[in-house]
$ cat structure.pdb   # PDB, C-alpha atoms
MODEL        1
ATOM      1  CA  GLY V   1     -35.564  84.827  52.428  1.00  0.00           C
ATOM      2  CA  PRO V   2     -35.391  84.093  56.153  1.00  0.00           C
ATOM      3  CA  ILE V   3     -32.069  84.302  57.984  1.00  0.00           C
ATOM      4  CA  GLU V   4     -30.647  80.801  58.441  1.00  0.00           C
ATOM      5  CA  PRO V   5     -28.376  79.640  61.276  1.00  0.00           C
ATOM      6  CA  ALA V   6     -24.750  79.527  60.084  1.00  0.00           C
ATOM      7  CA  PRO V   7     -24.334  75.712  60.086  1.00  0.00           C
ATOM      8  CA  GLU V   8     -27.437  75.306  57.880  1.00  0.00           C
ATOM      9  CA  SER V   9     -26.733  78.184  55.506  1.00  0.00           C
ATOM     10  CA  PRO V  10     -24.672  78.009  52.339  1.00  0.00           C
ATOM     11  CA  ALA V  11     -22.391  80.690  53.853  1.00  0.00           C
ATOM     12  CA  PRO V  12     -19.436  78.556  55.043  1.00  0.00           C
ATOM     13  CA  PRO V  13     -18.480  77.407  51.516  1.00  0.00           C
ATOM     14  CA  LEU V  14     -19.057  80.959  50.283  1.00  0.00           C
ATOM     15  CA  ALA V  15     -16.830  82.448  52.986  1.00  0.00           C
ATOM     16  CA  GLU V  16     -14.156  79.856  52.162  1.00  0.00           C
ATOM     17  CA  GLU V  17     -14.400  80.742  48.457  1.00  0.00           C
ATOM     18  CA  LEU V  18     -13.896  84.373  49.434  1.00  0.00           C
ATOM     19  CA  LEU V  19     -10.770  83.438  51.414  1.00  0.00           C
ATOM     20  CA  ASN V  20      -9.404  81.517  48.427  1.00  0.00           C
ATOM     21  CA  PHE V  21     -10.067  84.502  46.156  1.00  0.00           C
ATOM     22  CA  PHE V  22      -8.133  86.852  48.463  1.00  0.00           C
ATOM     23  CA  VAL V  23      -5.249  84.369  48.693  1.00  0.00           C
ATOM     24  CA  ASP V  24      -5.127  83.985  44.904  1.00  0.00           C
ATOM     25  CA  GLN V  25      -5.151  87.773  44.457  1.00  0.00           C
ATOM     26  CA  LYS V  26      -2.458  88.223  47.142  1.00  0.00           C
ATOM     27  CA  LEU V  27      -4.834  90.465  49.125  1.00  0.00           C
ATOM     28  CA  ASN V  28      -3.443  89.455  52.514  1.00  0.00           C
ATOM     29  CA  SER V  29      -5.148  92.191  54.512  1.00  0.00           C
ATOM     30  CA  CYS V  30      -8.492  91.176  52.955  1.00  0.00           C
ATOM     31  CA  PHE V  31      -7.708  87.562  53.919  1.00  0.00           C
ATOM     32  CA  ALA V  32      -7.144  88.693  57.525  1.00  0.00           C
ATOM     33  CA  ALA V  33     -10.293  90.866  57.511  1.00  0.00           C
ATOM     34  CA  THR V  34     -12.374  87.945  56.219  1.00  0.00           C
ATOM     35  CA  LEU V  35     -11.066  85.733  59.039  1.00  0.00           C
ATOM     36  CA  PHE V  36     -12.304  88.368  61.496  1.00  0.00           C
ATOM     37  CA  THR V  37     -15.682  89.193  59.920  1.00  0.00           C
ATOM     38  CA  CYS V  38     -16.592  85.619  58.925  1.00  0.00           C
ATOM     39  CA  TYR V  39     -15.134  83.924  62.010  1.00  0.00           C
ATOM     40  CA  ALA V  40     -18.250  81.850  62.843  1.00  0.00           C
ATOM     41  CA  LEU V  41     -18.608  80.643  59.249  1.00  0.00           C
ATOM     42  CA  LEU V  42     -15.057  79.398  58.718  1.00  0.00           C
ATOM     43  CA  ARG V  43     -13.784  75.934  59.532  1.00  0.00           C
ATOM     44  CA  PRO V  44     -10.473  76.138  61.437  1.00  0.00           C
ATOM     45  CA  ASP V  45      -8.865  73.254  59.491  1.00  0.00           C
ATOM     46  CA  VAL V  46      -9.601  75.016  56.179  1.00  0.00           C
ATOM     47  CA  VAL V  47      -8.153  78.310  57.444  1.00  0.00           C
ATOM     48  CA  MET V  48      -5.084  76.606  58.901  1.00  0.00           C
ATOM     49  CA  GLU V  49      -4.294  74.680  55.724  1.00  0.00           C
ATOM     50  CA  LEU V  50      -4.864  77.693  53.465  1.00  0.00           C
ATOM     51  CA  ALA V  51      -2.626  79.883  55.624  1.00  0.00           C
ATOM     52  CA  TRP V  52       0.085  77.222  55.883  1.00  0.00           C
ATOM     53  CA  ARG V  53       0.181  76.449  52.141  1.00  0.00           C
ATOM     54  CA  ASN V  54       0.373  80.162  51.260  1.00  0.00           C
ATOM     55  CA  GLY V  55       2.720  81.497  53.918  1.00  0.00           C
ATOM     56  CA  LEU V  56      -0.059  83.421  55.681  1.00  0.00           C
ATOM     57  CA  ASN V  57       0.307  81.984  59.192  1.00  0.00           C
ATOM     58  CA  ASP V  58       0.938  85.429  60.697  1.00  0.00           C
ATOM     59  CA  PHE V  59      -2.338  86.665  59.202  1.00  0.00           C
ATOM     60  CA  ALA V  60      -4.234  83.594  60.419  1.00  0.00           C
ATOM     61  CA  MET V  61      -2.751  83.476  63.925  1.00  0.00           C
ATOM     62  CA  PRO V  62      -5.383  85.708  65.643  1.00  0.00           C
ATOM     63  CA  PHE V  63      -8.121  83.485  64.147  1.00  0.00           C
ATOM     64  CA  MET V  64      -6.345  80.330  65.349  1.00  0.00           C
ATOM     65  CA  ILE V  65      -5.758  81.749  68.847  1.00  0.00           C
ATOM     66  CA  GLN V  66      -9.453  82.633  69.177  1.00  0.00           C
ATOM     67  CA  THR V  67     -10.417  79.192  67.869  1.00  0.00           C
ATOM     68  CA  MET V  68      -8.147  77.468  70.416  1.00  0.00           C
ATOM     69  CA  ARG V  69      -9.545  79.628  73.238  1.00  0.00           C
ATOM     70  CA  GLU V  70     -13.101  78.734  72.225  1.00  0.00           C
ATOM     71  CA  MET V  71     -12.319  75.017  71.923  1.00  0.00           C
ATOM     72  CA  SER V  72     -10.611  75.020  75.331  1.00  0.00           C
ATOM     73  CA  SER V  73     -13.610  76.736  76.932  1.00  0.00           C
ATOM     74  CA  LYS V  74     -16.030  74.263  75.350  1.00  0.00           C
ATOM     75  CA  LEU V  75     -13.877  71.329  76.411  1.00  0.00           C
ATOM     76  CA  ASP V  76     -13.591  72.649  79.982  1.00  0.00           C
ATOM     77  CA  GLY V  77     -17.386  73.014  80.052  1.00  0.00           C
ATOM     78  CA  LEU V  78     -17.887  69.445  78.843  1.00  0.00           C
ATOM     79  CA  VAL V  79     -15.391  68.086  81.380  1.00  0.00           C
ATOM     80  CA  ALA V  80     -17.143  69.964  84.205  1.00  0.00           C
ATOM     81  CA  LYS V  81     -20.542  68.718  83.012  1.00  0.00           C
ATOM     82  CA  GLU V  82     -19.256  65.129  82.820  1.00  0.00           C
ATOM     83  CA  ARG V  83     -17.685  65.394  86.289  1.00  0.00           C
ATOM     84  CA  ALA V  84     -20.958  66.716  87.746  1.00  0.00           C
ATOM     85  CA  ALA V  85     -22.903  63.872  86.113  1.00  0.00           C
ATOM     86  CA  GLU V  86     -20.460  61.297  87.526  1.00  0.00           C
ATOM     87  CA  GLU V  87     -20.679  62.835  91.007  1.00  0.00           C
ATOM     88  CA  ALA V  88     -24.486  62.818  90.819  1.00  0.00           C
ATOM     89  CA  ALA V  89     -24.461  59.153  89.765  1.00  0.00           C
ATOM     90  CA  VAL V  90     -22.129  58.250  92.662  1.00  0.00           C
ATOM     91  CA  ALA V  91     -24.338  60.156  95.125  1.00  0.00           C
ATOM     92  CA  GLU V  92     -27.469  58.477  93.747  1.00  0.00           C
ATOM     93  CA  LYS V  93     -25.838  55.041  94.004  1.00  0.00           C
ATOM     94  CA  LYS V  94     -24.755  55.764  97.588  1.00  0.00           C
ATOM     95  CA  MET V  95     -28.299  56.852  98.528  1.00  0.00           C
ATOM     96  CA  ALA V  96     -29.719  53.700  96.935  1.00  0.00           C
ATOM     97  CA  GLU V  97     -27.231  51.516  98.831  1.00  0.00           C
ATOM     98  CA  GLU V  98     -28.037  53.277 102.121  1.00  0.00           C
ATOM     99  CA  ALA V  99     -31.762  52.895 101.470  1.00  0.00           C
ATOM    100  CA  LEU V 100     -31.287  49.208 100.706  1.00  0.00           C
ATOM    101  CA  ALA V 101     -29.186  48.719 103.850  1.00  0.00           C
ATOM    102  CA  SER V 102     -31.958  50.250 105.949  1.00  0.00           C
ATOM    103  CA  GLY V 103     -34.560  47.995 104.355  1.00  0.00           C
ATOM    104  CA  TYR V 104     -36.114  50.456 101.928  1.00  0.00           C
ATOM    105  CA  SER V 105     -35.702  50.763  98.200  1.00  0.00           C
ATOM    106  CA  ALA V 106     -34.885  54.088  96.582  1.00  0.00           C
ATOM    107  CA  ASP V 107     -38.386  54.411  95.165  1.00  0.00           C
ATOM    108  CA  TYR V 108     -39.943  53.784  98.587  1.00  0.00           C
ATOM    109  CA  GLY V 109     -41.595  50.690  97.211  1.00  0.00           C
ATOM    110  CA  GLN V 110     -40.674  47.133  98.040  1.00  0.00           C
ATOM    111  CA  ALA V 111     -37.677  46.468 100.228  1.00  0.00           C
ATOM    112  CA  ASP V 112     -34.829  44.110  99.478  1.00  0.00           C
ATOM    113  CA  PRO V 113     -36.495  40.682  99.141  1.00  0.00           C
ATOM    114  CA  ASN V 114     -33.631  39.116 101.117  1.00  0.00           C
ATOM    115  CA  SER V 115     -34.174  41.277 104.188  1.00  0.00           C
ATOM    116  CA  MET V 116     -36.902  41.039 106.753  1.00  0.00           C
ATOM    117  CA  VAL V 117     -38.214  44.232 108.234  1.00  0.00           C
ATOM    118  CA  VAL V 118     -40.774  44.119 110.996  1.00  0.00           C
ATOM    119  CA  TYR V 119     -42.616  47.331 111.752  1.00  0.00           C
ATOM    120  CA  GLY V 120     -43.415  48.159 115.336  1.00  0.00           C
ATOM    121  CA  GLY V 121     -41.652  45.296 117.105  1.00  0.00           C
ATOM    122  CA  GLY V 122     -43.295  42.439 119.005  1.00  0.00           C
ATOM    123  CA  MET V 123     -44.327  40.635 115.843  1.00  0.00           C
ATOM    124  CA  GLY V 124     -42.762  37.225 115.353  1.00  0.00           C
ATOM    125  CA  GLY V 125     -39.774  37.633 117.602  1.00  0.00           C
ATOM    126  CA  GLY V 126     -39.239  41.176 118.730  1.00  0.00           C
ATOM    127  CA  GLY V 127     -38.307  43.662 116.016  1.00  0.00           C
ATOM    128  CA  MET V 128     -35.933  41.835 113.773  1.00  0.00           C
ATOM    129  CA  GLY V 129     -33.803  43.860 111.397  1.00  0.00           C
ATOM    130  CA  MET V 130     -31.677  42.602 108.529  1.00  0.00           C
ATOM    131  CA  GLY V 131     -29.952  39.308 109.102  1.00  0.00           C
ATOM    132  CA  GLY V 132     -32.600  36.963 110.397  1.00  0.00           C
ATOM    133  CA  GLY V 133     -32.654  37.384 114.161  1.00  0.00           C
ATOM    134  CA  MET V 134     -30.705  40.453 115.013  1.00  0.00           C
ATOM    135  CA  GLY V 135     -30.500  44.087 114.107  1.00  0.00           C
ATOM    136  CA  MET V 136     -27.642  45.444 112.086  1.00  0.00           C
ATOM    137  CA  GLY V 137     -25.167  45.595 114.938  1.00  0.00           C
ATOM    138  CA  GLY V 138     -26.122  42.619 117.051  1.00  0.00           C
ATOM    139  CA  GLY V 139     -28.483  42.766 119.995  1.00  0.00           C
ATOM    140  CA  MET V 140     -31.719  44.519 119.150  1.00  0.00           C
ATOM    141  CA  GLY V 141     -30.412  46.723 116.380  1.00  0.00           C
ATOM    142  CA  MET V 142     -29.305  50.303 116.596  1.00  0.00           C
ATOM    143  CA  GLY V 143     -31.567  51.691 119.264  1.00  0.00           C
ATOM    144  CA  GLY V 144     -34.202  48.986 119.245  1.00  0.00           C
ATOM    145  CA  GLY V 145     -37.804  49.097 118.042  1.00  0.00           C
ATOM    146  CA  GLY V 146     -39.122  51.389 115.344  1.00  0.00           C
ATOM    147  CA  TYR V 147     -38.599  50.767 111.642  1.00  0.00           C
ATOM    148  CA  GLY V 148     -35.856  48.254 110.942  1.00  0.00           C
ATOM    149  CA  GLY V 149     -34.214  48.719 114.335  1.00  0.00           C
ATOM    150  CA  TYR V 150     -33.285  52.391 113.857  1.00  0.00           C
ATOM    151  CA  GLY V 151     -34.866  53.939 116.920  1.00  0.00           C
ATOM    152  CA  GLY V 152     -38.500  54.802 117.345  1.00  0.00           C
ATOM    153  CA  TYR V 153     -39.460  57.097 114.484  1.00  0.00           C
TER     154      TYR V 153
ENDMDL
END

$ encode --input "structure.pdb" --output "structure tokens"
Amino acid sequence: GPIEPAPESPAPPLAEELLNFFVDQKLNSCFAATLFTCYALLRPDVVMELAWRNGLNDFAMPFMIQTMREMSSKLDGLVAKERAAEEAAVAEKKMAEEALASGYSADYGQADPNSMVVYGGGMGGGGMGMGGGMGMGGGMGMGGGGYGGYGGY
């Protein structure tokens, strides 16, 4: 039949049965060899318990060290991925807040309904920015004229 990925194949229980057989037969070197050759198919908790109950910790230790190294690497990768996602969310929020403060929404659609942005100046009172009659810093805004009082773009 076709080759199946390890998690979907019946191999893990089979590999664990093989380990149990070697333990029962006191074939410790075969136990150790199975840990090496069937590494991807064996569940660490099963190996650890079997080794502990049968005094085979020394034989299982290389398997457990490799398992811990792999788990640490995966965990470090997940932490880095989570940190990057959080940083991206913070940056996106900051951009949205800056866009809102300048009178534009992040999707370049409607502006904040509570602000009043006059394009081009001279309409209805001379280039008002946010805050009803003044730009963002008092006076005519930050540079006067233009979009939202930000200098003539």

$ closest_residue --input "structure.pdb" --among "V:Leu27, V:Ala91, V:Phe21, V:Tyr39" --to "Pro62 of chain V" --atoms "only C-alpha atoms"
V:Tyr39

$ atom_distance --input "structure.pdb" --atom1 "atom CA of Asp45 of chain V" --atom2 "atom CA of Asp76 of chain V"
21.0 Å

$ closest_residue --input "structure.pdb" --among "V:Ser102, V:Ser72, V:Thr37, V:Ser29" --to "Asp58 of chain V" --atoms "only C-alpha atoms"
V:Ser29

$ closest_residue --input "structure.pdb" --among "V:Lys81, V:Ala96, V:Gln66, V:Asn54" --to "Gln25 of chain V" --atoms "all atoms listed in the file"
V:Asn54

$ atom_distance --input "structure.pdb" --atom1 "atom CA of Leu41 of chain V" --atom2 "atom CA of Ala15 of chain V"
6.8 Å

$ atom_distance --input "structure.pdb" --atom1 "atom CA of Pro13 of chain V" --atom2 "atom CA of Phe36 of chain V"
16.1 Å

$ closest_residue --input "structure.pdb" --among "V:Ala32, V:Ala40, V:Leu100, V:Met95" --to "Glu70 of chain V" --atoms "only C-alpha atoms"
V:Ala40
